[in-house]
Amino acid sequence: MPIDSARTARGALAGTAAAGVWAAQAPLDKRVFRFDYDDPEILGKAVTRGRAWPVIGLALHLANGALFGAVYASAAPRMPVPPWARGPLAGLAEHLATWPLASVSAGIHPAREELPRVAGNARAFAQATWRHLLFGVVLGELERRLNPPPEPEPEPYSDAMSSNGHGDLDHAIGVARP
């Protein structure tokens, strides 16, 4: 099956925007969940411990959103669920699939001593669930609007039929209607 590059690019754009919404609201959810867990910090401090980690971390977070959005744009039309549920379902599925890696990260992350321990923490899990749900809702809705379903093909010869099922005399004799 060929890849539709325009559809993929629009999905990447939707994923980038969804990741941006996630990052923008994170200070609020840190207060709500009373847990100082930050994805751009985890990503940025995996690359550098210097002052540039916030910029690098946000760039990596947005890039992850773009990659997820690009893949999502190709997969979403084949998901056997209503269009409104596809984004949230994809976001939550990714969360549940990757959450076990939190315990792996706790042991190997270069800045593990500076980061909050998320593995086994119910608040961190709830916070990450909220973030993935929000990401999925924004991604799904934006991607759906940017990549609307194709218009259905008109039925062949539909104008050649009459309401009585015997056809259209003008069509049969080749007369064009205005």
# chains A, B, ... in the order shown; residues from 1 in each chain; ligands from 1
>>> residues_around(residues="region 134-147 of chain A", least_positions_apart="5", cutoff="8 Å", atoms="only C-alpha atoms", output="list of chain:residue names")
A:Arg7, A:Arg10, A:Gly11, A:Ala14, A:Gly15, A:Ala17, A:Ala18, A:Ala19, A:Val21, A:Trp22, A:Gly69, A:Ala73, A:Pro83, A:Trp84, A:Ala85, A:Arg86, A:Gly87, A:Pro88, A:Leu89, A:Ala90, A:Gly91, A:Leu92
>>> select_by_dssp(residues="region 9-175 of chain A", states="helix (DSSP H, G or I)", output="JSON, numbers by chain")
{"A": [9, 10, 11, 12, 13, 14, 15, 16, 17, 18, 19, 20, 21, 22, 23, 24, 25, 26, 27, 28, 29, 30, 31, 32, 33, 39, 40, 41, 42, 43, 44, 45, 46, 47, 53, 54, 55, 56, 57, 58, 59, 60, 61, 62, 63, 64, 65, 66, 67, 68, 69, 70, 71, 72, 73, 74, 75, 76, 77, 78, 83, 84, 85, 86, 87, 88, 89, 90, 91, 92, 93, 94, 95, 96, 97, 98, 101, 102, 103, 104, 105, 106, 107, 108, 122, 123, 124, 125, 126, 127, 128, 129, 130, 131, 132, 133, 134, 135, 136, 137, 138, 139, 140, 141, 142, 143, 144, 145, 146, 158, 159, 160, 169, 170, 171, 172, 173]}
>>> residues_around(residues="His95 (chain A)", least_positions_apart="2", cutoff="9 Å", atoms="only C-alpha atoms", output="number ranges by chain")
A: 90-93, 97-99, 128-129, 132-133
>>> write_last_selection(atoms="C-alpha atoms", output="mmCIF file, in the first residue's frame")
data_model
loop_
_atom_site.group_PDB
_atom_site.id
_atom_site.type_symbol
_atom_site.label_atom_id
_atom_site.label_comp_id
_atom_site.auth_asym_id
_atom_site.auth_seq_id
_atom_site.Cartn_x
_atom_site.Cartn_y
_atom_site.Cartn_z
ATOM 1 C CA ALA A 90 -4.241 5.600 20.121
ATOM 2 C CA GLY A 91 -2.881 7.956 22.800
ATOM 3 C CA LEU A 92 -3.962 5.692 25.656
ATOM 4 C CA ALA A 93 -2.689 2.574 23.873
ATOM 5 C CA ALA A 97 2.378 0.077 25.973
ATOM 6 C CA THR A 98 5.275 2.309 27.019
ATOM 7 C CA TRP A 99 4.587 2.835 30.742
ATOM 8 C CA ALA A 128 0.657 10.416 32.226
ATOM 9 C CA THR A 129 -2.771 8.939 31.496
ATOM 10 C CA HIS A 132 -1.858 10.864 26.694
ATOM 11 C CA LEU A 133 -5.636 11.237 26.648
#
>>> residues_around(residues="region 26-37 of chain A", least_positions_apart="2", cutoff="12 Å", atoms="only C-alpha atoms", output="PyMOL selection string")
chain A and resi 19-24+39-43+58+102+114-119+121-132+134-135
>>> write_last_selection(atoms="N, CA, C and O atoms", output="compact mmCIF listing (two decimals), in the first residue's frame")
# COMPACT_ATOMS: atom_id res chain seq x y z
N ALA A 19 1.39 17.55 20.77
CA ALA A 19 2.50 17.51 21.73
C ALA A 19 2.74 18.90 22.32
O ALA A 19 3.09 19.02 23.51
N GLY A 20 2.53 19.94 21.54
CA GLY A 20 2.66 21.30 22.04
C GLY A 20 1.60 21.63 23.09
O GLY A 20 1.89 22.26 24.11
N VAL A 21 0.37 21.17 22.85
CA VAL A 21 -0.70 21.37 23.84
C VAL A 21 -0.34 20.64 25.13
O VAL A 21 -0.50 21.16 26.23
N TRP A 22 0.15 19.41 25.00
CA TRP A 22 0.58 18.61 26.15
C TRP A 22 1.60 19.41 26.97
O TRP A 22 1.46 19.55 28.18
N ALA A 23 2.65 19.91 26.30
CA ALA A 23 3.72 20.62 27.00
C ALA A 23 3.22 21.93 27.61
O ALA A 23 3.63 22.30 28.71
N ALA A 24 2.33 22.62 26.89
CA ALA A 24 1.84 23.91 27.38
C ALA A 24 0.99 23.77 28.64
O ALA A 24 1.03 24.63 29.53
N ASP A 39 7.92 15.47 30.67
CA ASP A 39 8.50 14.72 29.56
C ASP A 39 9.64 15.46 28.86
O ASP A 39 10.68 14.85 28.59
N PRO A 40 9.49 16.76 28.55
CA PRO A 40 10.63 17.45 27.94
C PRO A 40 11.88 17.43 28.82
O PRO A 40 13.00 17.34 28.31
N GLU A 41 11.70 17.45 30.13
CA GLU A 41 12.86 17.38 31.02
C GLU A 41 13.54 16.01 30.91
O GLU A 41 14.77 15.92 30.82
N ILE A 42 12.74 14.96 30.90
CA ILE A 42 13.30 13.61 30.78
C ILE A 42 14.06 13.47 29.46
O ILE A 42 15.17 12.95 29.41
N LEU A 43 13.45 13.97 28.37
CA LEU A 43 14.09 13.88 27.06
C LEU A 43 15.32 14.77 26.96
O LEU A 43 16.37 14.34 26.48
N LEU A 58 12.09 20.01 24.65
CA LEU A 58 10.85 20.38 23.97
C LEU A 58 10.92 20.00 22.50
O LEU A 58 9.94 19.47 21.94
N ALA A 102 9.18 2.96 32.15
CA ALA A 102 9.54 3.91 33.20
C ALA A 102 10.51 3.28 34.19
O ALA A 102 11.45 3.94 34.65
N GLU A 114 18.32 13.28 39.36
CA GLU A 114 17.67 14.59 39.36
C GLU A 114 16.18 14.53 39.05
O GLU A 114 15.46 15.51 39.24
N LEU A 115 15.72 13.40 38.53
CA LEU A 115 14.35 13.28 38.05
C LEU A 115 13.46 12.60 39.08
O LEU A 115 13.93 11.75 39.85
N PRO A 116 12.17 12.95 39.09
CA PRO A 116 11.27 12.25 40.01
C PRO A 116 11.11 10.80 39.59
O PRO A 116 11.16 10.47 38.41
N ARG A 117 10.93 9.95 40.54
CA ARG A 117 10.76 8.51 40.26
C ARG A 117 9.31 8.28 39.87
O ARG A 117 8.40 8.42 40.67
N VAL A 118 9.08 7.90 38.61
CA VAL A 118 7.72 7.70 38.12
C VAL A 118 7.27 6.25 38.22
O VAL A 118 6.09 5.97 38.38
N ALA A 119 8.20 5.31 38.12
CA ALA A 119 7.84 3.89 38.17
C ALA A 119 7.19 3.56 39.51
O ALA A 119 7.72 3.89 40.56
N ASN A 121 4.57 4.88 40.78
CA ASN A 121 3.92 6.03 41.41
C ASN A 121 2.54 6.23 40.78
O ASN A 121 2.44 6.52 39.58
N ALA A 122 1.50 6.11 41.58
CA ALA A 122 0.12 6.22 41.07
C ALA A 122 -0.17 7.62 40.54
O ALA A 122 -0.88 7.76 39.53
N ARG A 123 0.35 8.65 41.17
CA ARG A 123 0.13 10.02 40.67
C ARG A 123 0.78 10.22 39.31
O ARG A 123 0.21 10.84 38.42
N ALA A 124 1.98 9.70 39.16
CA ALA A 124 2.67 9.81 37.87
C ALA A 124 1.90 9.06 36.79
O ALA A 124 1.76 9.55 35.66
N PHE A 125 1.38 7.89 37.13
CA PHE A 125 0.60 7.12 36.16
C PHE A 125 -0.66 7.87 35.76
O PHE A 125 -1.00 7.97 34.58
N ALA A 126 -1.37 8.43 36.74
CA ALA A 126 -2.60 9.20 36.45
C ALA A 126 -2.27 10.43 35.61
O ALA A 126 -3.00 10.76 34.67
N GLN A 127 -1.20 11.10 35.95
CA GLN A 127 -0.78 12.29 35.21
C GLN A 127 -0.44 11.92 33.76
O GLN A 127 -0.87 12.60 32.82
N ALA A 128 0.30 10.85 33.58
CA ALA A 128 0.66 10.42 32.23
C ALA A 128 -0.58 9.96 31.46
O ALA A 128 -0.67 10.18 30.24
N THR A 129 -1.52 9.34 32.14
CA THR A 129 -2.77 8.94 31.50
C THR A 129 -3.51 10.17 30.99
O THR A 129 -3.97 10.21 29.84
N TRP A 130 -3.63 11.19 31.83
CA TRP A 130 -4.28 12.44 31.43
C TRP A 130 -3.58 13.04 30.22
O TRP A 130 -4.22 13.45 29.25
N ARG A 131 -2.26 13.11 30.26
CA ARG A 131 -1.51 13.72 29.16
C ARG A 131 -1.70 12.96 27.85
O ARG A 131 -1.87 13.57 26.80
N HIS A 132 -1.67 11.65 27.91
CA HIS A 132 -1.86 10.86 26.69
C HIS A 132 -3.29 10.97 26.17
O HIS A 132 -3.51 10.96 24.96
N LEU A 134 -5.27 13.64 26.57
CA LEU A 134 -5.32 14.97 25.97
C LEU A 134 -4.62 14.98 24.61
O LEU A 134 -5.17 15.49 23.62
N PHE A 135 -3.44 14.42 24.57
CA PHE A 135 -2.70 14.33 23.31
C PHE A 135 -3.55 13.63 22.24
O PHE A 135 -3.66 14.09 21.12
>>> closest_residue(among="A:Asn64, A:Gly44, A:Gly107, A:Ala70", to="Ser5 (chain A)", atoms="only C-alpha atoms")
A:Ala70
>>> atom_distance(atom1="CA of Val55 (chain A)", atom2="CA of Thr16 (chain A)")
14.9 Å
>>> closest_residue(among="A:Leu13, A:Arg49, A:Gln25, A:Pro80", to="Glu113 (chain A)", atoms="only C-alpha atoms")
A:Arg49
>>> atom_distance(atom1="CA of Tyr72 (chain A)", atom2="CA of Pro2 (chain A)")
15.2 Å
>>> atom_distance(atom1="CA of Ser74 (chain A)", atom2="CA of Thr8 (chain A)")
6.6 Å
